[in-house]
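Trainee: Here it is: the structure, laid out below.
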Amino acid sequence: MHTKTIAELAAGLRAKEYTSVELTQHFLNRIKNLDSQYNSFVSITEEIALAQAKEADERLAKGDANPLCGIPIAHKDIFCTNGVRTACGSKMLDNFIPPYDATVVENLRAAGAVMLGKVNMDEFAMGSSNETSFYGPVKNPWDTDCVPGGSSGGSAAAVAGLLAPGATATDTGGSIRQPASHCGLTGIKPTYGRVSRWGMIAFASSLDQAGVLTRSAEDAAIMLSAMASYDDKDSTCINQPTEDYTATLGNSLDGLRIGVPKEYFGEGLRPEIAEHVRTALKWYEGQGATLVDIELPHTHLSVPAYYVIAPAECSANLSRFDGVRYGHRCDDPKDLNDLYKRTRAEGFGDEVKRRILVGTYALSAGYYDAYYRKAMKVRRLIKQDFDQAFEKVDVIMGPTTTAPAFKFGAKGNDPVAMYLEDIYTIATNLAGLPGLSIPCGLVDEKPVGLQVIGKAFDEGKLLNVAHQYQLATDFHQLTAPGIK
Amino acid sequence: MERSDILKLAELARIEITDATVDEVAARLTDVLALVDQLQAADTDSIRPMAHPLDAVQTLRADTITESNQREAFQEIAPATENGLYLVPKVIE
Amino acid sequence: MEWETVIGLEVHVQLATKTKIFSGAATQFGAEPNTQACAIDLAMPGTLPVANEEAFRYAVMFGLAIDAEIGKESVFERKNYFYPDLPKGYQTTQLDQPIVGPGKVDITLDDGRTKTVRIHHAHLEEDAGKSLHEDFHGMSGIDLNRAGTPLIEIVSEPDMSNAEEAVAYAKKLHSIVTSLGICDGEMSQGSMRFDVNISIRPKGEEKLGTRTETKNLNSFRFMEEAIALEVERQIEVLESGGSITQETRLYDGDTGKARAMRSKEEANDYRYFPCPDLLPVVLDEDYINAVREHLPEMPEARKARFASDYSLNDYDAGILSSDRATADYFEQTAKLSGDAKLAANWVMGEVSAKLNASETTITHSVVNAEQLAGVILRIKDGTISSKTAKTVFEALWNQEGDSADAVIEAKGLKQVSDTGALEAMADEVIANSPKQVDNYKNAAEDKRPRMLGYFVGQIMKASKGQANPQAINEILLKKLNELL
């Protein structure tokens, strides 16, 4: 059962090959038996899962048509779950049990999906390797000496390890696409404002967006169709009708104009990855698509702009963690300042502290114009690059990462090297555009991804483009060696 | 970044930084600032800052009460409360 | 040396919306601690703000009332600082793009002089919670019910030069916001709070002196006292060769003393930046015009109308129109009773005295306009005398009855106008007072009316004050003249 995609499982449930309770129990058993290798789950919600599965079976018996009904999934531990500890990878929230659900959690439950548990992540989603989690690093099922990518590393490892057929994830600078690439998965970050951020613990509010990690574009379409909604609890959510993304998966690629940015094939990119991406592009050409050389001239500024904007926003977003109303509180504070300073020193890890300090610096008197305001202007330049490119093309394609997954500790003490992990993915967040990564080959016996970037609200097209590729290729069906 | 800069930032951000780690933090922040300093090369004279990725505008909420009292649920997860109040070390104005 | 005082005010006005500025929690005053603090107000992780339409409408109403330009695109910013009554660790406020631009407020001083105070701008922001300093084992208690209550902060130019002007300005603002109905004006509940910026300079000097800010004054009297005290202090410091430190000060109305705040102000660097959770609020001309059309009558206009419609003198019209609740109360009483003069006298007399004695405002008056009109109607139709009316009002105030009629009935206060009964009393008095009757008969004709007093007094005594004096007069005149 665990080797099947969501679409296949949905068919199996309806063919009565198994019930949702059986399916759920099967995945729960796998998690319990196998996750010690990956450390992907931080909470297993067995009771809730079985109760939800039972309910789903009743719905299925009544003919519920939602393809997610009865499908077990995992939630990134950044989404608040009513009554279930939501720690966001941090000691700060190790004891935090929210009395409310994130809209994403609510939407998926309404569709009939079953929550297996909560998965590991970089602390407050700040990281590209899952090494910053308070709950320990997550291991890449393809090579347990390597990182799964981050920050949605737990989501990626759980799906790649076949411990869940799909998982929710979030992407602030590449946190869905980079782990998708490193773990051989399909991952989509929708347009900013497509999915509600309510109940999703904020890292950088103007960049954060929820999405999914799955084993096929079709599965991503199924999950995203259920997750996306206009939500009046999120002011930045865009009021656009929701779509059934599965409806357009079969569209023809004939006449598709694909932009190929030269900046995404420059120095630092492993030649084997460039080769795989070019092979994929050639395949698209064969389907009637045209390749158009484009320029995104400000790409090199995206990482610097991001590392001003994201820390600035996070420095304020994380001020609420003060030991007063919830979460960690230091012992015996001697005064108010001591309460704040020790609580936050103890509750946050090094990378989180670093980013708070950088953000504090970028916003402080005398530096605001040179850093924050400047970065906001560069952000517009980056957006304009995309606007101009999309006048000529329908989608943009390139690599997701410069290299396959790296070994633990490889970038250990060098934040800047780690930040450059997201060099191809960050611009998309700055521009608010949808981006997707699908596996397109192996390098060093580890998967690498093809990134597809679309116009705002063109998720349907991205998934269509990815699905057609997956109909013709089997990179997405490869599983890590040793996984049966 | 000097030690004193780090200590000032740490004070603003209310994060205690021990003496032993100040230099390490300073070194890392200096690296990060070197990275973001690349921004200075960009010509942005005529560019308007962009705070939101989509140029959308705020939709406003009707002035209707939608929330009910959930004090018990909220304070169940609070570190210290008494008589419905959150307790903190004495506030001195 | 002769000194000149320069005063500017920052006035915080709580808007009378039903819910918070960014959440659907109630704003009612006096609720049990933290029962009106929802997940958003408590800054629970993952929660997001959505702005209240009514708060904007109220702010626009204020802007229109002071002839200010309305911000067509207003932007919320985060003002970052740590304080236990500020759950997010930042206050959401406006800085560069406030909702209300420059405007002006005309004030009238006691000597009849008028002066214009320029308004720099007014912005929307959220109120903080409250720290309760009662001793909880050496701890402070935090109540966040007030957190998120919408405020407009009205920032004046430093256009006032003494306490009288500052108080006149503050009272004028009170009159404007209550007339607009955007604030309940309850000073004792903190609905209006004043921060006073004070500096002094040698008379004739152009350059402003160093200013101090005395924060959080919540009554006109305290403001007057605090200004006097601070001006005196600054003169003393400068005349003894010292210099003024820019600082925030607190005035204690109970002790009449002020002191500098102990919290470290110099460490403040608020790191304002645009709030990424809220989008710019765009108001178009149509919206602004629609608000303008529904603007309630402002105090000046109402004063003029009171003077002409109800033939009130300027002074009475001014007092009765100064705040909306009083004006509404008066106008309703006048309409229901059909006697504006009596209504005015009662509102400014008995009602005002009772309110002062019980330290409350007209909104909380025990006797409502309808009840007061009932009293006036009974004076007019002769059921009770003016003197008895006071007894009836007193009884209504003590809630001894629901209406004037009920009180008159229950207490038997109806004056005797029954001619038969009065004639019998008159006959008796005349029969028992031969000497006075003789005097009356022998008196010159023009002296006689004055001599009537004795007989009236006797009848009043006999009727225990309930005889209708006018009816007695007529009967006595008739009977005595018959004896001539």
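We label chains A, B, ... in the order they appear in the structure tokens, count residues from 1 in each chain, and number ligands from 1 in the order shown.
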If you take only C-alpha atoms and a cut-off of 6 Å, which residues of chain A touch chain B, and what are their nearest atom pairs and distances in Å to one decimal, in chain and number order, as a tab-separated table?
Mentor:
```
residue	atom	partner	partner_atom	distance
A:Ser206	CA	B:His52	CA	5.9
A:Pro304	CA	B:Val36	CA	4.2
A:Arg325	CA	B:Ala78	CA	4.8
A:Tyr326	CA	B:Ala78	CA	4.5
A:Asp335	CA	B:Pro89	CA	5.2
A:Leu336	CA	B:Pro89	CA	5.1
A:Tyr340	CA	B:Arg14	CA	5.8
A:Lys341	CA	B:Ile15	CA	4.4
A:Arg342	CA	B:Glu16	CA	5.8
A:Arg344	CA	B:Ile15	CA	5.4
A:Ala345	CA	B:Ile15	CA	5.1
A:Met376	CA	B:Pro49	CA	4.6
A:Lys377	CA	B:Pro49	CA	4.1
A:Arg380	CA	B:Met50	CA	5.5
A:Ala431	CA	B:Pro53	CA	5.2
A:Gly432	CA	B:Pro53	CA	4.8
```
Trainee: Find the spatial neighbours of C:Ala317, counting only C-alpha atoms, within a cut-off of 9 Å - ignore same-chain residues fewer than 2 positions away - and output them as a list in words.
Mentor: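 Listed by chain and then number, they are Arg302, Lys303, Ala304, Arg305, Phe306, Ala307, Tyr310, Ser311, Leu312, Asn313, Asp314, Tyr315, Ile319, Leu320, Ser321, Ser322 and Ala344 of chain C.
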Trainee: Tell me, as an MDAnalysis selection string, which residues lie within 12 Å of B:Asn83, counting only C-alpha atoms; anything in the same chain fewer than 3 positions away does not count.
Mentor: (chainID B and resid 71:72 75 80 86:87) or (chainID C and resid 32:35 132 136 140:143)
Trainee: Counting only C-alpha atoms, what is within 10 Å of stretch 273-289 of chain A, bar same-chain residues fewer than 3 positions away, as number ranges by chain?
Mentor: A: 252-258, 260, 264-266, 269-270, 292, 397-404, 439-443, 447-451, 465, 468-469, 472-473
Trainee: Using only C-alpha atoms, tabulate the residues of chain C lying at most 8 Å from any atom of chain A, each with its closest atom pair and that distance in Å to one decimal, by chain and increasing residue number, as a Markdown table.
Mentor:
```
| residue | atom | partner | partner_atom | distance |
| --- | --- | --- | --- | --- |
| C:Leu42 | CA | A:Arg325 | CA | 7.4 |
| C:Ala43 | CA | A:Arg320 | CA | 6.4 |
| C:Met44 | CA | A:Arg320 | CA | 7.9 |
| C:Pro45 | CA | A:Ile201 | CA | 5.4 |
| C:Gly46 | CA | A:Gly199 | CA | 3.9 |
| C:Thr47 | CA | A:Gly199 | CA | 5.5 |
| C:Leu48 | CA | A:Asp234 | CA | 6.0 |
| C:Pro49 | CA | A:Ser235 | CA | 7.0 |
| C:Val50 | CA | A:Ser235 | CA | 5.6 |
| C:Arg78 | CA | A:Ala316 | CA | 7.9 |
| C:Asn80 | CA | A:Ala316 | CA | 6.8 |
| C:Phe82 | CA | A:Ser319 | CA | 7.6 |
| C:Pro84 | CA | A:Val324 | CA | 7.2 |
| C:Pro87 | CA | A:Arg320 | CA | 6.0 |
| C:Lys88 | CA | A:Arg320 | CA | 4.4 |
| C:Gly89 | CA | A:Ser319 | CA | 4.8 |
| C:Tyr90 | CA | A:Ala316 | CA | 6.9 |
| C:Asp269 | CA | A:Ala365 | CA | 6.5 |
| C:Tyr270 | CA | A:Ser364 | CA | 7.6 |
| C:Arg271 | CA | A:Leu363 | CA | 5.1 |
| C:Tyr272 | CA | A:Leu363 | CA | 7.2 |
| C:Phe273 | CA | A:Leu363 | CA | 7.3 |
| C:Pro276 | CA | A:Ser206 | CA | 5.4 |
| C:Asp277 | CA | A:Ser205 | CA | 6.1 |
| C:Leu278 | CA | A:Ser235 | CA | 5.9 |
| C:Leu279 | CA | A:Thr236 | CA | 6.8 |
```
Trainee: Report as a ChimeraX atom specification all protein, DNA and RNA residues lying within 12 Å of C:Gln332, evaluated on only C-alpha atoms, omitting residues in the same chain fewer than 3 positions from it.
Mentor: /C:320,324-329,335-340,343-344,347,368-374
Trainee: Can I get the selected residues back with N, CA, C and O atoms, as a compact mmCIF listing (two decimals), in the first residue's frame?
Mentor:
```
# COMPACT_ATOMS: atom_id res chain seq x y z
N LEU C 320 -24.96 73.24 26.02
CA LEU C 320 -25.80 72.10 25.67
C LEU C 320 -25.35 71.38 24.41
O LEU C 320 -25.71 70.23 24.18
N ARG C 324 -22.06 65.35 22.43
CA ARG C 324 -23.21 64.82 21.72
C ARG C 324 -24.25 64.23 22.66
O ARG C 324 -25.45 64.42 22.47
N ALA C 325 -23.77 63.55 23.71
CA ALA C 325 -24.72 62.91 24.62
C ALA C 325 -25.59 63.97 25.30
O ALA C 325 -26.80 63.83 25.40
N THR C 326 -24.95 65.06 25.74
CA THR C 326 -25.70 66.13 26.39
C THR C 326 -26.68 66.77 25.40
O THR C 326 -27.84 67.01 25.72
N ALA C 327 -26.17 67.03 24.20
CA ALA C 327 -26.99 67.67 23.19
C ALA C 327 -28.20 66.79 22.84
O ALA C 327 -29.33 67.29 22.73
N ASP C 328 -27.94 65.50 22.68
CA ASP C 328 -29.04 64.58 22.36
C ASP C 328 -30.07 64.55 23.50
O ASP C 328 -31.27 64.54 23.27
N TYR C 329 -29.55 64.54 24.71
CA TYR C 329 -30.41 64.47 25.90
C TYR C 329 -31.30 65.70 25.98
O TYR C 329 -32.50 65.61 26.16
N LYS C 335 -37.98 68.25 22.87
CA LYS C 335 -39.01 67.81 21.92
C LYS C 335 -40.17 67.14 22.63
O LYS C 335 -41.33 67.42 22.35
N LEU C 336 -39.85 66.26 23.56
CA LEU C 336 -40.90 65.50 24.25
C LEU C 336 -41.73 66.40 25.16
O LEU C 336 -42.92 66.17 25.34
N SER C 337 -41.08 67.43 25.73
CA SER C 337 -41.80 68.27 26.68
C SER C 337 -42.42 69.49 25.99
O SER C 337 -43.30 70.14 26.55
N GLY C 338 -41.90 69.80 24.81
CA GLY C 338 -42.40 70.97 24.09
C GLY C 338 -42.02 72.28 24.76
O GLY C 338 -42.59 73.31 24.49
N ASP C 339 -41.03 72.24 25.65
CA ASP C 339 -40.58 73.47 26.29
C ASP C 339 -39.07 73.49 26.41
O ASP C 339 -38.49 72.95 27.35
N ALA C 340 -38.42 74.11 25.40
CA ALA C 340 -36.96 74.08 25.33
C ALA C 340 -36.33 74.84 26.49
O ALA C 340 -35.30 74.43 27.02
N ALA C 343 -36.47 72.72 29.51
CA ALA C 343 -35.57 71.59 29.29
C ALA C 343 -34.13 72.03 29.51
O ALA C 343 -33.35 71.36 30.20
N ALA C 344 -33.76 73.17 28.94
CA ALA C 344 -32.39 73.68 29.08
C ALA C 344 -32.07 73.92 30.55
O ALA C 344 -31.02 73.52 31.05
N VAL C 347 -31.62 70.54 32.36
CA VAL C 347 -30.41 69.80 32.00
C VAL C 347 -29.18 70.46 32.61
O VAL C 347 -28.32 69.80 33.20
N ASN C 368 -33.64 59.45 32.51
CA ASN C 368 -33.42 59.67 31.08
C ASN C 368 -34.26 60.84 30.57
O ASN C 368 -35.07 61.42 31.30
N ALA C 369 -34.04 61.18 29.30
CA ALA C 369 -34.67 62.36 28.73
C ALA C 369 -36.20 62.24 28.77
O ALA C 369 -36.91 63.21 29.05
N GLU C 370 -36.67 61.05 28.51
CA GLU C 370 -38.12 60.84 28.49
C GLU C 370 -38.72 61.11 29.88
O GLU C 370 -39.76 61.76 30.01
N GLN C 371 -38.03 60.62 30.89
CA GLN C 371 -38.51 60.83 32.26
C GLN C 371 -38.49 62.31 32.64
O GLN C 371 -39.42 62.83 33.26
N LEU C 372 -37.40 62.98 32.24
CA LEU C 372 -37.29 64.41 32.55
C LEU C 372 -38.40 65.18 31.83
O LEU C 372 -39.03 66.07 32.43
N ALA C 373 -38.65 64.83 30.58
CA ALA C 373 -39.72 65.49 29.83
C ALA C 373 -41.05 65.29 30.54
O ALA C 373 -41.89 66.20 30.59
N GLY C 374 -41.25 64.13 31.14
CA GLY C 374 -42.48 63.83 31.88
C GLY C 374 -42.65 64.80 33.04
O GLY C 374 -43.76 65.30 33.31
```
Trainee: Could you pull the residues within 8 Å of stretch 211-218 of chain A, counting only C-alpha atoms, minus those fewer than 2 positions along the same chain, as a short mmCIF file (atom, residue, chain, number, x, y, z; two decimals) with all heavy atoms, in the first residue's frame?
Mentor:
```cif
data_model
loop_
_atom_site.label_atom_id
_atom_site.label_comp_id
_atom_site.auth_asym_id
_atom_site.auth_seq_id
_atom_site.Cartn_x
_atom_site.Cartn_y
_atom_site.Cartn_z
N THR A 5 0.66 5.89 -4.97
CA THR A 5 0.44 7.34 -4.88
C THR A 5 -0.94 7.60 -4.26
O THR A 5 -1.75 6.68 -4.14
CB THR A 5 0.46 8.00 -6.27
OG1 THR A 5 -0.62 7.46 -7.04
CG2 THR A 5 1.78 7.74 -6.98
N ALA A 7 -3.37 9.15 -5.62
CA ALA A 7 -4.39 8.85 -6.64
C ALA A 7 -4.70 7.36 -6.67
O ALA A 7 -5.87 6.95 -6.75
CB ALA A 7 -3.92 9.33 -8.00
N SER A 155 8.90 16.66 6.29
CA SER A 155 7.86 16.35 5.32
C SER A 155 8.46 15.54 4.18
O SER A 155 7.89 14.53 3.74
CB SER A 155 7.25 17.63 4.74
OG SER A 155 6.82 18.50 5.76
N ALA A 156 9.64 15.97 3.70
CA ALA A 156 10.28 15.32 2.56
C ALA A 156 10.72 13.90 2.92
O ALA A 156 10.48 12.95 2.17
CB ALA A 156 11.47 16.14 2.07
N VAL A 159 7.78 11.44 3.27
CA VAL A 159 7.18 11.01 2.00
C VAL A 159 8.17 10.15 1.20
O VAL A 159 7.80 9.09 0.66
CB VAL A 159 6.70 12.22 1.17
CG1 VAL A 159 6.12 11.77 -0.17
CG2 VAL A 159 5.65 13.02 1.95
N ALA A 160 9.45 10.56 1.19
CA ALA A 160 10.45 9.79 0.44
C ALA A 160 10.69 8.43 1.11
O ALA A 160 11.00 7.44 0.44
CB ALA A 160 11.76 10.58 0.35
N PRO A 165 1.96 9.15 2.26
CA PRO A 165 1.90 9.37 0.81
C PRO A 165 2.00 10.84 0.42
O PRO A 165 2.27 11.16 -0.73
CB PRO A 165 0.54 8.79 0.41
CG PRO A 165 -0.25 8.70 1.66
CD PRO A 165 0.69 8.64 2.81
N GLY A 166 1.80 11.72 1.37
CA GLY A 166 1.91 13.15 1.09
C GLY A 166 2.04 13.91 2.39
O GLY A 166 1.67 13.40 3.45
N ALA A 167 2.61 15.11 2.31
CA ALA A 167 2.76 15.90 3.53
C ALA A 167 2.60 17.38 3.20
O ALA A 167 2.94 17.82 2.09
CB ALA A 167 4.13 15.65 4.16
N THR A 168 2.08 18.12 4.17
CA THR A 168 2.06 19.57 4.03
C THR A 168 3.46 20.10 4.29
O THR A 168 4.27 19.44 4.95
CB THR A 168 1.08 20.22 5.02
OG1 THR A 168 1.45 19.82 6.34
CG2 THR A 168 -0.35 19.80 4.72
N ALA A 169 3.74 21.29 3.76
CA ALA A 169 5.05 21.87 3.93
C ALA A 169 4.91 23.38 3.75
O ALA A 169 3.83 23.86 3.41
CB ALA A 169 6.00 21.30 2.88
N THR A 170 5.98 24.10 4.04
CA THR A 170 5.96 25.55 3.78
C THR A 170 7.25 25.95 3.11
O THR A 170 8.26 25.25 3.22
CB THR A 170 5.80 26.37 5.07
OG1 THR A 170 6.93 26.11 5.92
CG2 THR A 170 4.51 26.03 5.80
N ASP A 171 7.19 27.08 2.43
CA ASP A 171 8.32 27.52 1.61
C ASP A 171 8.45 29.03 1.74
O ASP A 171 7.55 29.77 1.36
CB ASP A 171 8.05 27.11 0.15
CG ASP A 171 9.24 27.30 -0.78
OD1 ASP A 171 9.88 28.37 -0.66
OD2 ASP A 171 9.50 26.41 -1.61
N ILE A 176 10.25 24.11 0.31
CA ILE A 176 9.54 22.95 -0.22
C ILE A 176 10.33 22.39 -1.40
O ILE A 176 10.57 21.19 -1.51
CB ILE A 176 8.11 23.33 -0.70
CG1 ILE A 176 7.22 23.65 0.51
CG2 ILE A 176 7.51 22.20 -1.54
CD1 ILE A 176 5.83 24.15 0.14
N ALA A 180 12.37 18.81 -1.91
CA ALA A 180 11.79 17.97 -2.96
C ALA A 180 12.90 17.50 -3.88
O ALA A 180 12.99 16.31 -4.24
CB ALA A 180 10.75 18.76 -3.76
N LEU A 185 11.25 14.17 -4.78
CA LEU A 185 9.80 14.33 -4.68
C LEU A 185 9.29 15.46 -5.56
O LEU A 185 10.06 16.25 -6.10
CB LEU A 185 9.42 14.63 -3.22
CG LEU A 185 9.80 13.58 -2.19
CD1 LEU A 185 9.48 14.08 -0.79
CD2 LEU A 185 9.09 12.25 -2.48
N THR A 186 7.97 15.50 -5.66
CA THR A 186 7.31 16.62 -6.30
C THR A 186 6.90 17.58 -5.18
O THR A 186 6.26 17.16 -4.21
CB THR A 186 6.05 16.14 -7.04
OG1 THR A 186 6.45 15.21 -8.04
CG2 THR A 186 5.33 17.31 -7.69
N GLY A 187 7.31 18.84 -5.33
CA GLY A 187 6.96 19.82 -4.29
C GLY A 187 6.51 21.10 -4.95
O GLY A 187 7.15 21.57 -5.89
N ILE A 188 5.41 21.63 -4.48
CA ILE A 188 4.94 22.89 -5.06
C ILE A 188 4.73 23.95 -3.99
O ILE A 188 4.14 23.69 -2.93
CB ILE A 188 3.66 22.70 -5.91
CG1 ILE A 188 3.23 24.04 -6.55
CG2 ILE A 188 2.50 22.11 -5.08
CD1 ILE A 188 2.23 23.90 -7.68
N LYS A 189 5.27 25.12 -4.27
CA LYS A 189 4.99 26.32 -3.48
C LYS A 189 4.04 27.16 -4.32
O LYS A 189 4.42 27.64 -5.38
CB LYS A 189 6.26 27.13 -3.24
CG LYS A 189 6.00 28.45 -2.52
CD LYS A 189 7.06 29.51 -2.77
CE LYS A 189 6.66 30.52 -3.83
NZ LYS A 189 5.65 31.50 -3.40
N PRO A 190 2.81 27.34 -3.86
CA PRO A 190 1.85 28.12 -4.65
C PRO A 190 2.16 29.61 -4.64
O PRO A 190 3.06 30.06 -3.93
CB PRO A 190 0.51 27.84 -3.97
CG PRO A 190 0.77 26.76 -2.96
CD PRO A 190 2.21 26.81 -2.64
N VAL A 195 -2.80 30.08 -0.53
CA VAL A 195 -3.17 29.23 0.60
C VAL A 195 -3.12 30.10 1.86
O VAL A 195 -2.21 30.91 2.04
CB VAL A 195 -2.19 28.04 0.73
CG1 VAL A 195 -2.52 27.19 1.95
CG2 VAL A 195 -2.21 27.19 -0.53
N GLN A 209 4.69 30.67 2.38
CA GLN A 209 3.53 30.14 1.71
C GLN A 209 3.50 28.63 1.91
O GLN A 209 4.53 27.96 1.84
CB GLN A 209 3.56 30.51 0.22
CG GLN A 209 2.36 30.09 -0.59
CD GLN A 209 1.01 30.67 -0.13
OE1 GLN A 209 -0.03 30.11 -0.40
NE2 GLN A 209 1.03 31.78 0.57
N ALA A 220 0.09 16.10 -5.93
CA ALA A 220 0.21 17.50 -5.49
C ALA A 220 -1.04 18.27 -5.88
O ALA A 220 -1.55 19.09 -5.11
CB ALA A 220 1.46 18.14 -6.09
N ALA A 221 -1.55 17.97 -7.08
CA ALA A 221 -2.77 18.65 -7.54
C ALA A 221 -3.95 18.30 -6.63
O ALA A 221 -4.75 19.17 -6.27
CB ALA A 221 -3.07 18.26 -8.98
N ILE A 222 -4.03 17.04 -6.25
CA ILE A 222 -5.13 16.60 -5.38
C ILE A 222 -5.05 17.32 -4.03
O ILE A 222 -6.02 17.89 -3.54
CB ILE A 222 -5.08 15.07 -5.17
CG1 ILE A 222 -5.44 14.35 -6.47
CG2 ILE A 222 -6.00 14.64 -4.03
CD1 ILE A 222 -5.19 12.84 -6.44
N MET A 223 -3.85 17.33 -3.43
CA MET A 223 -3.72 17.96 -2.11
C MET A 223 -3.91 19.46 -2.15
O MET A 223 -4.57 20.06 -1.31
CB MET A 223 -2.36 17.63 -1.49
CG MET A 223 -2.33 16.27 -0.78
SD MET A 223 -0.79 15.99 0.12
CE MET A 223 -1.02 17.00 1.58
N LEU A 224 -3.30 20.09 -3.17
CA LEU A 224 -3.38 21.55 -3.24
C LEU A 224 -4.81 22.02 -3.48
O LEU A 224 -5.24 23.05 -2.94
CB LEU A 224 -2.44 22.08 -4.33
CG LEU A 224 -2.24 23.59 -4.34
CD1 LEU A 224 -1.66 24.07 -3.02
CD2 LEU A 224 -1.32 24.00 -5.49
N THR A 246 -6.61 19.10 -10.67
CA THR A 246 -6.49 17.83 -11.40
C THR A 246 -7.17 17.93 -12.77
O THR A 246 -6.87 17.15 -13.67
CB THR A 246 -7.14 16.66 -10.61
OG1 THR A 246 -8.53 16.95 -10.40
CG2 THR A 246 -6.46 16.47 -9.27
N LEU A 249 -4.64 18.68 -15.67
CA LEU A 249 -3.38 17.91 -15.73
C LEU A 249 -3.13 17.35 -17.13
O LEU A 249 -1.98 17.22 -17.56
CB LEU A 249 -3.42 16.74 -14.73
CG LEU A 249 -3.34 17.12 -13.25
CD1 LEU A 249 -3.53 15.87 -12.38
CD2 LEU A 249 -1.99 17.77 -12.94
N ILE A 438 10.34 18.96 -9.60
CA ILE A 438 10.09 17.54 -9.86
C ILE A 438 11.42 16.86 -10.12
O ILE A 438 12.35 17.48 -10.67
CB ILE A 438 9.14 17.32 -11.07
CG1 ILE A 438 9.56 18.21 -12.26
CG2 ILE A 438 7.69 17.57 -10.68
CD1 ILE A 438 8.77 17.94 -13.53
N LEU A 463 1.41 22.31 -12.61
CA LEU A 463 1.12 20.91 -12.31
C LEU A 463 0.87 20.13 -13.60
O LEU A 463 1.28 18.97 -13.73
CB LEU A 463 -0.08 20.82 -11.35
CG LEU A 463 0.23 21.33 -9.93
CD1 LEU A 463 -1.03 21.64 -9.15
CD2 LEU A 463 1.11 20.31 -9.17
N ASN A 464 0.25 20.77 -14.56
CA ASN A 464 0.01 20.17 -15.87
C ASN A 464 1.35 19.85 -16.56
O ASN A 464 1.58 18.73 -17.04
CB ASN A 464 -0.84 21.16 -16.69
CG ASN A 464 -0.77 20.93 -18.19
OD1 ASN A 464 -0.57 21.85 -18.97
ND2 ASN A 464 -0.94 19.69 -18.63
N ALA A 466 4.23 19.49 -15.16
CA ALA A 466 4.94 18.46 -14.40
C ALA A 466 4.31 17.08 -14.63
O ALA A 466 5.01 16.07 -14.81
CB ALA A 466 4.90 18.80 -12.91
N HIS A 467 3.00 17.04 -14.65
CA HIS A 467 2.29 15.76 -14.81
C HIS A 467 2.61 15.13 -16.17
O HIS A 467 2.86 13.93 -16.27
CB HIS A 467 0.78 15.98 -14.67
CG HIS A 467 -0.03 14.73 -14.84
ND1 HIS A 467 0.03 13.68 -13.94
CD2 HIS A 467 -0.90 14.35 -15.81
CE1 HIS A 467 -0.79 12.72 -14.35
NE2 HIS A 467 -1.35 13.10 -15.49
N GLN A 470 5.85 13.53 -16.06
CA GLN A 470 5.85 12.31 -15.25
C GLN A 470 5.11 11.17 -15.95
O GLN A 470 5.37 9.99 -15.66
CB GLN A 470 5.24 12.61 -13.86
CG GLN A 470 6.17 13.51 -13.05
CD GLN A 470 5.67 13.85 -11.67
OE1 GLN A 470 4.49 13.73 -11.38
NE2 GLN A 470 6.59 14.30 -10.82
N HIS A 476 10.19 10.21 -10.98
CA HIS A 476 9.39 10.43 -9.77
C HIS A 476 9.03 9.10 -9.10
O HIS A 476 8.61 9.09 -7.95
CB HIS A 476 8.12 11.23 -10.09
CG HIS A 476 7.17 10.52 -11.00
ND1 HIS A 476 7.46 10.22 -12.31
CD2 HIS A 476 5.91 10.04 -10.77
CE1 HIS A 476 6.43 9.59 -12.86
NE2 HIS A 476 5.48 9.47 -11.94
N GLN A 477 9.17 8.02 -9.84
CA GLN A 477 8.81 6.72 -9.25
C GLN A 477 9.99 6.04 -8.57
O GLN A 477 9.82 5.03 -7.89
CB GLN A 477 8.22 5.82 -10.33
CG GLN A 477 6.81 6.24 -10.69
CD GLN A 477 6.29 5.59 -11.95
OE1 GLN A 477 7.08 5.11 -12.77
NE2 GLN A 477 4.99 5.58 -12.09
#
```
Trainee: May I have the residues within 9 Å of C:Phe455 as a PyMOL selection string, using only C-alpha atoms and disregarding those fewer than 4 positions away in the same chain?
Mentor: chain C and resi 426+429-430+433+436+451+459-460+472-473+476
Trainee: Running DSSP on the backbone, which parts of stretch 191-384 of chain C land in strand (DSSP E), as number ranges by chain?
Mentor: C: 192-202, 212-217, 248-252, 257-260, 273-274, 281-282
Trainee: Just list the residues in chain B DSSP gives alpha helix (DSSP H) on the backbone, as a ChimeraX atom specification.
Mentor: /B:3-12,19-36,71-76
Trainee: Which of these, C:Ser188, C:Thr248, C:Asn52, C:Ser219, has the shortest distance to chain B once you count only C-alpha atoms?
Mentor: C:Asn52
